[in-house]
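For reference, the structure discussed in these notes is given below.
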Amino acid sequence: MDIYEEICKITGKDYVSREKEDQYIYSRDSGAQPPRSVDYVVMPGTVEEVQRILMLAHKERIPVTPLGGGFTLSALVVPQKGGIVLDMKRMDKIIEVNELSRYALIEAGVSQAALRAYLKNHHPRLQHSTPEAPPTVTVVGNALIQGHGHLTPRYGLNSDMVNGMEIVLPTGEICKLGSSAVSDLWYTRGPIPDLPGLFIGWLGTTGVVTKLSLKLYPRPNYREVLVFSSDDIDAIPEVIFELTQLDLLEDFFLITQEKPDWMNHIFYVVILSAHFEEELALKMRIYSDVAKKIGNGKTIQIVENLHPALRTRFLDVPPKAAVAADFRKGGGFQYSAAILSFDKVPLAWRKGIEIAHAHGMIASYVHQILTCHSIMFGFNYSFNRGDEADIEAARQAVEESNRFTLDIGGMIWKGEAAAQKLVMEKMDPNTAGLIGKIKKTLDPHGIMNPGNWEVPQ
Amino acid sequence: MRYEDILHRCFRCGFCKLTDDYEDFNCPPHKKYRLESFSPGGRMWLTRAWLQGDVQMSERFQQILYSCTLCANCVKHCIFPFNEDLVNIFIAAREAVVEAGMLPPAVRDYFKAIDTYGNPYKEPSAKRGDWALGLPVPIYDGHDYLLYIGCVGSYDERGQKIAQAVASLLHKMSISFGILGQDENCDGNEVKAMGETWLFESLAQKNSEIFRAKNIKKIITIDPHAYNAFAKDYRNFGAEFEVYHYTQLLAQNIDKLVPLLKPLTATVTYHDPCYLGRHNSIDEEPRNILTILPGINFVEMAANRHNALCCGGGGGNFFSDILGTGKESAARLRIRQAQDTGAQIIAVACPQCAKMLTDAIKAADLEESLEAADIAELVLRSMKA
């Protein structure tokens with residue numbers, strides 16, 4: 001059987017490629033992971049096409065890697081065992097926005113940019129939680145990798161905002177999950193067995209999500225940023241606790257960078273939003289007052305006269321965070337994303353600097369507070385894509401950071417293949433076994449993004 | 001290759017593909033093919049891979065390089081400091097392809113026609129001024145302005161109508177101008193865009209010598225592509241002249257224009273030609289003219305000014321057709337955007353855009369409801385109404 005011809009019969013020739021150039025582009029990302037081979041790039045246009053492709057792949061035992069924006073930076077959507085990359089970007093319809101029940105039903109290829117622009121134009125009172133990623137990344141991809149967004153401190157991870165999904169199983173069945181399983185409405189995930197959980201965080205190993213219902217939230221009219229600075233690493237857990245204790249903030253992150261010198265401090269960036277001017281003023285005042293009380297006013301200081309460019313950078317949704325990744329002028333960036341409890345932050349802060357220095361880099365952090373329970377601690381490594389030694393150094397730095405994270409009881413978010421292996425080795429064997437059983441049940445031939453979440457034998 | 005040292009700096013983050021407000025993807029080849037390989041980042045990465053020997057020259061790579069319309073949307077929307085160089089990088093990559101002798105046939109044929117005939121239509125130079133037969137258009141002889149027509153205005157049927165409209169307007173406005181007729185040569189903007197630096201330099205040299213010999217100090221172009229070459233590149237060849245796109249001159253003389261105008265009833269939108277808008281920041285003059293036309297209801301497309309979607313003809317694609325046609329082609333998408341405004345006329349200020357959009361309207365079978373008209377044609381229509 002000529003696989004290429006068979007796929008062409010499904011999507012049409014225009015949306016299938018086995019050209020070397022397309023294989024090259026889809027075989028790597030901007031992170032530090034080595035390239036891997038791709039056989040076909042396929043862009044389905046409908047759920048039926050996805051279904052037929054998976055049935056073909058299942059029958060012929062061809063690996064399939066679903067791809068959204070392709071910007072995980074840890075090569076999660078670069079196939080580990082070749083086969084088909086299923087680029088979902090042609091499935092880019094915003095099917096429905098239910099304003100009263102505040103949800104959007106979208107196809108898997110809808111970008112953050114498209115949803116944001118659509119809401120701005122048609123439902124200006126609503127917004128979705130937008131990640132600190134380029135606006136070309138997909139909404140569905142971000143939710144499925146348990147990503148976070150600018151509303152996460154208030155409302156939770158973007159994966160917690162999923163009401164339901166339409167999925168195609170590796171064996172070809174199309175299923176609806178959440179309220180859409182029993183009605184035409186997509187407004188709630190329960191109260192039935194939580195099946196979306198079989199597709200969130202699984203990195204495309206259990207099926208292909210073709211539609212997703214995402215919760216939307218009120219869009220306040222006013223937003224402002226407060227920035228506090230400090231040099232007291234040990235005080236970080238207390239400061240985070242106090243600033244999240246109020247439950248009034250929209251977004252909250254920590255940044256630092258060793259160069260230039262003025263950036264070499266701990267900056268706490270708090271985004272406040274409000275529906276009324278007076279409400280915003282009140283929140284600003286409350287946060288300023290609280291900050292003054294932490295450590296008797298000696299722990300953190302408010303940054304007066306914040307540079308307008310920084311203010312814009314902090315308030316932009318999505319922010320142009322990629323600019324910060326360019327400080328090495330090398331076009332390469334990967335980070336080890338540790339999900340930590342707050343008490344571990346001082347330890348990680350010092351270790352991250354140590355790892356960066358050991359590999360000839362300067363330390364640079366952006367850490368996102370995830371609700372009031374944990375932090376995404378980013379060990380960031382910019383590198384020069386034109387220098388193999390630099391790429392290798394970044395790779396090693398990421399690996400050391402991953403090992404350290406697991407050693408202190410942290411979790412690794414969207415880890416590359418090697419990081420997943422570390423996690424699986426450390427995982428309770430019965431839990432790992434359960435993962436294996438679920439994968440085997442849903443994907444008996446192991447065609448879905450194989451190499452990810454592999455259970456140790 | 002020029003700019004080789006910055007090719008690796010692209011993260012492929014994709015800001016370059018969008019508009020200011022992220023409303024839509026706006027890169028013509030990426031919109032058509034959707035594959036990342038056809039995005040500005042894909043081209044950057046593949047060019048580097050080619051130079052390093054990781055991919056070989058192929059029909060596909062040629063298609064990826066030459067389907068780029070050099071519309072400069074990426075220049076305006078890339079967030080990195082090297083954004084200003086993006087179009088230059090893609091031209092440099094094409095130069096490297098030319099140097100390696102690995103041209104796509106359509107591009108090779110274009111260069112050959114320019115080299116042999118001085119125009120891509122393989123028409124004799126003697127016919128270059130035929131568009132003006134029967135019109136009160138003198139050969140340049142110390143007039144205030146040279147009216148430079150360019151290849152499309154000289155030989156293409158659609159372009160000729162625009163050339164005739166511009167010349168008629170200038171005449172009606174009593175502006176002193178002349179043309180070069182059979183002595184006019186290709187300006188070379190597309191030659192440079194497609195990477196043939198040597199041929200471009202010889203054209204620019206030759207034209208600059210003619211302009212100097214005739215003591216030409218002011219040039220009006222009808223084609224933004226020619227405007228771009230004259231304004232940006234000819235200085236390197238010792239040319240000393242002022243250059244205006246005709247819409248600039250009309251806008252400067254609006255007072256003379258207004259008394260001549262009569263009401264037209266139509267809803268009109270405006271398509272910004274890339275070489276007028278994004279490349280040269282001439283955004284308001286065309287709008288200033290359209291908005292003084294009595295009876296016109298002027299409406300903007302959501303993607304306007306430096307967010308405008310290219311018609312798909314830039315970067316040599318008007319001649320090579322490597323980007324190609326079809327429902328997802330830039331021209332077809334652009335006329336859909338125009339339709340969304342409720343406009344009956346999509347106004348342009350470029351013979352290449354006019355032709356691209358006219359053809360797209362025909363292909364979409366929309367001739368009953370939408371028309372692509374050059375601003376000069378609309379002004380003239382208003383005078384005759």
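Scheme for the structure tokens: letters A, B, ... for chains in order shown; per-chain residue numbers from 1; ligand numbers from 1 in order shown.
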message: Would you mind listing, as a VMD selection string, all residues of chain B that have at least one atom within 8 Å of chain A, where only C-alpha atoms are what counts?
response: chain B and resid 8 to 15 21 to 24 33 to 37 42 45 to 46 55 60 to 61 79 to 80
Excluding same-chain residues fewer than 3 positions from Lys426 (chain A), what lies within 12 Å of it counting only C-alpha atoms, as a tab-separated table (two decimals) with C-alpha atoms, in the first residue's frame?
```tsv
chain	number	residue	atom	x	y	z
A	403	ARG	CA	16.86	16.16	38.00
A	405	THR	CA	13.33	19.52	40.38
A	406	LEU	CA	12.46	15.89	40.94
A	407	ASP	CA	14.99	15.64	43.78
A	409	GLY	CA	9.79	16.96	45.16
A	410	GLY	CA	8.82	19.12	42.22
A	411	MET	CA	7.00	18.15	39.05
A	412	ILE	CA	8.17	18.80	35.48
A	419	ALA	CA	12.41	14.45	31.36
A	420	GLN	CA	9.34	12.25	30.95
A	421	LYS	CA	11.60	9.24	31.36
A	422	LEU	CA	12.92	10.64	34.65
A	423	VAL	CA	9.38	11.23	35.86
A	429	PRO	CA	4.96	1.58	39.79
A	430	ASN	CA	1.25	0.97	40.16
A	431	THR	CA	0.50	4.45	38.84
A	432	ALA	CA	2.85	3.92	35.92
A	455	VAL	CA	6.06	3.04	30.99
A	456	PRO	CA	9.41	1.56	32.12
```
- request: Give me the residues within 7 Å of Ile345 (chain B) as JSON, numbers by chain, counting only C-alpha atoms and dropping any in the same chain fewer than 2 places off.
  value: {"B": [267, 268, 269, 343, 347, 370, 371, 372, 373]}
Next, write the just-selected residues to a file, as a PDB file, in the first residue's frame, keeping C-alpha atoms as the atom set.
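Saved to selection_1.pdb:
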```pdb
ATOM      1  CA  THR B 267     -19.197  52.212  -1.735  1.00  0.00           C
ATOM      2  CA  VAL B 268     -15.442  52.037  -2.121  1.00  0.00           C
ATOM      3  CA  THR B 269     -12.708  50.411  -0.116  1.00  0.00           C
ATOM      4  CA  ALA B 343     -17.915  47.740  -1.091  1.00  0.00           C
ATOM      5  CA  ALA B 347      -9.696  50.833  -5.264  1.00  0.00           C
ATOM      6  CA  LEU B 370     -17.269  43.924  -7.230  1.00  0.00           C
ATOM      7  CA  GLU B 371     -14.827  45.843  -9.383  1.00  0.00           C
ATOM      8  CA  ALA B 372     -11.129  46.544  -8.959  1.00  0.00           C
ATOM      9  CA  ALA B 373     -10.397  50.057 -10.159  1.00  0.00           C
TER      10      ALA B 373
END
```
- request: Using DSSP on the backbone coordinates, identify all residues within region 57-100 of chain B classified as alpha helix (DSSP H); present the result as a ChimeraX atom specification.
  value: /B:59-66,73-77,86-99
Please save N, CA and C atoms of the selected residues as a PDB file, in the first residue's frame.
```pdb
ATOM      1  N   GLU B  59      12.762  21.645  -6.348  1.00  0.00           N
ATOM      2  CA  GLU B  59      11.618  22.401  -6.836  1.00  0.00           C
ATOM      3  C   GLU B  59      10.821  22.966  -5.642  1.00  0.00           C
ATOM      4  N   ARG B  60      10.702  22.159  -4.581  1.00  0.00           N
ATOM      5  CA  ARG B  60       9.958  22.587  -3.406  1.00  0.00           C
ATOM      6  C   ARG B  60      10.626  23.781  -2.739  1.00  0.00           C
ATOM      7  N   PHE B  61      11.942  23.713  -2.587  1.00  0.00           N
ATOM      8  CA  PHE B  61      12.643  24.816  -1.940  1.00  0.00           C
ATOM      9  C   PHE B  61      12.518  26.094  -2.777  1.00  0.00           C
ATOM     10  N   GLN B  62      12.595  25.934  -4.097  1.00  0.00           N
ATOM     11  CA  GLN B  62      12.405  27.095  -4.972  1.00  0.00           C
ATOM     12  C   GLN B  62      11.004  27.678  -4.784  1.00  0.00           C
ATOM     13  N   GLN B  63      10.039  26.779  -4.679  1.00  0.00           N
ATOM     14  CA  GLN B  63       8.656  27.229  -4.484  1.00  0.00           C
ATOM     15  C   GLN B  63       8.521  27.991  -3.158  1.00  0.00           C
ATOM     16  N   ILE B  64       9.159  27.464  -2.121  1.00  0.00           N
ATOM     17  CA  ILE B  64       9.086  28.110  -0.801  1.00  0.00           C
ATOM     18  C   ILE B  64       9.747  29.491  -0.847  1.00  0.00           C
ATOM     19  N   LEU B  65      10.891  29.577  -1.500  1.00  0.00           N
ATOM     20  CA  LEU B  65      11.606  30.865  -1.550  1.00  0.00           C
ATOM     21  C   LEU B  65      10.889  31.888  -2.431  1.00  0.00           C
ATOM     22  N   TYR B  66      10.409  31.421  -3.593  1.00  0.00           N
ATOM     23  CA  TYR B  66       9.886  32.373  -4.568  1.00  0.00           C
ATOM     24  C   TYR B  66       8.379  32.626  -4.454  1.00  0.00           C
ATOM     25  N   ASN B  73       4.987  42.222   5.417  1.00  0.00           N
ATOM     26  CA  ASN B  73       4.170  42.060   6.627  1.00  0.00           C
ATOM     27  C   ASN B  73       5.051  41.571   7.780  1.00  0.00           C
ATOM     28  N   CYS B  74       5.975  40.679   7.462  1.00  0.00           N
ATOM     29  CA  CYS B  74       6.873  40.145   8.503  1.00  0.00           C
ATOM     30  C   CYS B  74       7.773  41.253   9.062  1.00  0.00           C
ATOM     31  N   VAL B  75       8.195  42.160   8.191  1.00  0.00           N
ATOM     32  CA  VAL B  75       9.053  43.265   8.643  1.00  0.00           C
ATOM     33  C   VAL B  75       8.304  44.094   9.689  1.00  0.00           C
ATOM     34  N   LYS B  76       7.029  44.318   9.432  1.00  0.00           N
ATOM     35  CA  LYS B  76       6.241  45.169  10.329  1.00  0.00           C
ATOM     36  C   LYS B  76       5.826  44.464  11.611  1.00  0.00           C
ATOM     37  N   HIS B  77       5.809  43.122  11.607  1.00  0.00           N
ATOM     38  CA  HIS B  77       5.238  42.433  12.760  1.00  0.00           C
ATOM     39  C   HIS B  77       6.172  41.514  13.521  1.00  0.00           C
ATOM     40  N   LEU B  86      14.276  41.466   7.219  1.00  0.00           N
ATOM     41  CA  LEU B  86      13.656  40.217   6.763  1.00  0.00           C
ATOM     42  C   LEU B  86      13.497  40.146   5.237  1.00  0.00           C
ATOM     43  N   VAL B  87      12.956  41.203   4.644  1.00  0.00           N
ATOM     44  CA  VAL B  87      12.807  41.167   3.184  1.00  0.00           C
ATOM     45  C   VAL B  87      14.182  41.092   2.523  1.00  0.00           C
ATOM     46  N   ASN B  88      15.142  41.832   3.097  1.00  0.00           N
ATOM     47  CA  ASN B  88      16.501  41.786   2.530  1.00  0.00           C
ATOM     48  C   ASN B  88      17.088  40.376   2.611  1.00  0.00           C
ATOM     49  N   ILE B  89      16.768  39.680   3.694  1.00  0.00           N
ATOM     50  CA  ILE B  89      17.266  38.302   3.844  1.00  0.00           C
ATOM     51  C   ILE B  89      16.690  37.416   2.739  1.00  0.00           C
ATOM     52  N   PHE B  90      15.381  37.587   2.483  1.00  0.00           N
ATOM     53  CA  PHE B  90      14.766  36.719   1.470  1.00  0.00           C
ATOM     54  C   PHE B  90      15.289  37.060   0.067  1.00  0.00           C
ATOM     55  N   ILE B  91      15.564  38.345  -0.165  1.00  0.00           N
ATOM     56  CA  ILE B  91      16.173  38.712  -1.451  1.00  0.00           C
ATOM     57  C   ILE B  91      17.585  38.129  -1.531  1.00  0.00           C
ATOM     58  N   ALA B  92      18.315  38.200  -0.418  1.00  0.00           N
ATOM     59  CA  ALA B  92      19.687  37.667  -0.407  1.00  0.00           C
ATOM     60  C   ALA B  92      19.677  36.155  -0.665  1.00  0.00           C
ATOM     61  N   ALA B  93      18.681  35.468  -0.124  1.00  0.00           N
ATOM     62  CA  ALA B  93      18.587  34.014  -0.364  1.00  0.00           C
ATOM     63  C   ALA B  93      18.361  33.755  -1.851  1.00  0.00           C
ATOM     64  N   ARG B  94      17.546  34.603  -2.464  1.00  0.00           N
ATOM     65  CA  ARG B  94      17.309  34.444  -3.904  1.00  0.00           C
ATOM     66  C   ARG B  94      18.578  34.767  -4.695  1.00  0.00           C
ATOM     67  N   GLU B  95      19.323  35.752  -4.217  1.00  0.00           N
ATOM     68  CA  GLU B  95      20.603  36.060  -4.878  1.00  0.00           C
ATOM     69  C   GLU B  95      21.516  34.832  -4.844  1.00  0.00           C
ATOM     70  N   ALA B  96      21.501  34.151  -3.702  1.00  0.00           N
ATOM     71  CA  ALA B  96      22.349  32.959  -3.572  1.00  0.00           C
ATOM     72  C   ALA B  96      21.868  31.864  -4.533  1.00  0.00           C
ATOM     73  N   VAL B  97      20.554  31.787  -4.731  1.00  0.00           N
ATOM     74  CA  VAL B  97      20.009  30.804  -5.674  1.00  0.00           C
ATOM     75  C   VAL B  97      20.453  31.160  -7.096  1.00  0.00           C
ATOM     76  N   VAL B  98      20.409  32.457  -7.419  1.00  0.00           N
ATOM     77  CA  VAL B  98      20.855  32.905  -8.747  1.00  0.00           C
ATOM     78  C   VAL B  98      22.331  32.571  -8.932  1.00  0.00           C
ATOM     79  N   GLU B  99      23.133  32.890  -7.924  1.00  0.00           N
ATOM     80  CA  GLU B  99      24.578  32.613  -8.014  1.00  0.00           C
ATOM     81  C   GLU B  99      24.858  31.129  -8.206  1.00  0.00           C
TER      82      GLU B  99
END
```
message: Excluding region 206-223 of chain A and its own-chain neighbours fewer than 2 positions away, which residues fall within 8 Å of it when counting only C-alpha atoms? Please give them as an NGL selection string.
response: :A and (47 or 50 or 66 or 91 or 102-108 or 124-129 or 140 or 161-170 or 186-187 or 198-199 or 202-204 or 225 or 271-277 or 280 or 315 or 439 or 442-443 or 448)
query: Do you know which residues are at most 7 Å from region 218-230 of chain B counting only C-alpha atoms, after dropping those on the same chain fewer than 2 positions away, and could you put them as a PyMOL selection string?
result: chain B and resi 144-150+163+187+189+216+232-234+241-246+275-276+350-351
Can you write out the residues you just picked, keeping C-alpha atoms, as a PDB file, in the first residue's frame?
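Contents of part-v4.pdb, freshly written:
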```
ATOM      1  CA  ASP B 144       8.573  69.523 -15.109  1.00  0.00           C
ATOM      2  CA  TYR B 145       8.047  65.802 -14.675  1.00  0.00           C
ATOM      3  CA  LEU B 146       8.917  62.559 -16.365  1.00  0.00           C
ATOM      4  CA  LEU B 147       5.937  60.203 -16.218  1.00  0.00           C
ATOM      5  CA  TYR B 148       7.544  56.780 -15.837  1.00  0.00           C
ATOM      6  CA  ILE B 149       5.148  54.001 -16.819  1.00  0.00           C
ATOM      7  CA  GLY B 150       6.975  50.714 -16.219  1.00  0.00           C
ATOM      8  CA  ALA B 163      -1.374  54.506 -17.581  1.00  0.00           C
ATOM      9  CA  ASP B 187      12.989  49.838 -13.659  1.00  0.00           C
ATOM     10  CA  ASN B 189      12.411  46.369  -9.051  1.00  0.00           C
ATOM     11  CA  ILE B 216      15.288  64.777 -15.474  1.00  0.00           C
ATOM     12  CA  LYS B 232      15.386  53.384  -2.449  1.00  0.00           C
ATOM     13  CA  ASP B 233      17.928  51.899  -4.832  1.00  0.00           C
ATOM     14  CA  TYR B 234      18.736  54.346  -7.593  1.00  0.00           C
ATOM     15  CA  PHE B 241      15.888  63.161  -8.895  1.00  0.00           C
ATOM     16  CA  GLU B 242      12.748  63.488  -6.834  1.00  0.00           C
ATOM     17  CA  VAL B 243      10.293  60.659  -7.234  1.00  0.00           C
ATOM     18  CA  TYR B 244       6.554  60.726  -6.632  1.00  0.00           C
ATOM     19  CA  HIS B 245       3.881  58.139  -6.883  1.00  0.00           C
ATOM     20  CA  TYR B 246       1.063  59.720  -8.871  1.00  0.00           C
ATOM     21  CA  TYR B 275       5.288  48.902  -2.174  1.00  0.00           C
ATOM     22  CA  LEU B 276       3.274  52.020  -1.465  1.00  0.00           C
ATOM     23  CA  CYS B 350      -0.892  49.914  -8.560  1.00  0.00           C
ATOM     24  CA  PRO B 351      -1.289  48.277 -11.973  1.00  0.00           C
TER      25      PRO B 351
END
```
message: With distances taken over only C-alpha atoms, which residue among B:Val191, B:Leu290, B:Cys311, B:Ala266 lies nearest Thr247 (chain B)?
response: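 Answer, going by the shortest atom-to-atom distance: B:Leu290.
The gap separating CA of Ile179 (chain B) from CA of Pro138 (chain B) is 6.4 Å, in Å to one decimal.
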task: Run DSSP on the backbone and give me the residues of region 276-409 of chain A it puts in strand (DSSP E), as number ranges by chain.
output: A: 301-302, 331-340, 364-370, 374-384
task: Kindly give the distance, in Å, that separates CA of Ile353 (chain A) and CA of Phe252 (chain A), rounded to a single decimal.
output: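 Interatomic distance here is 21.8 Å.
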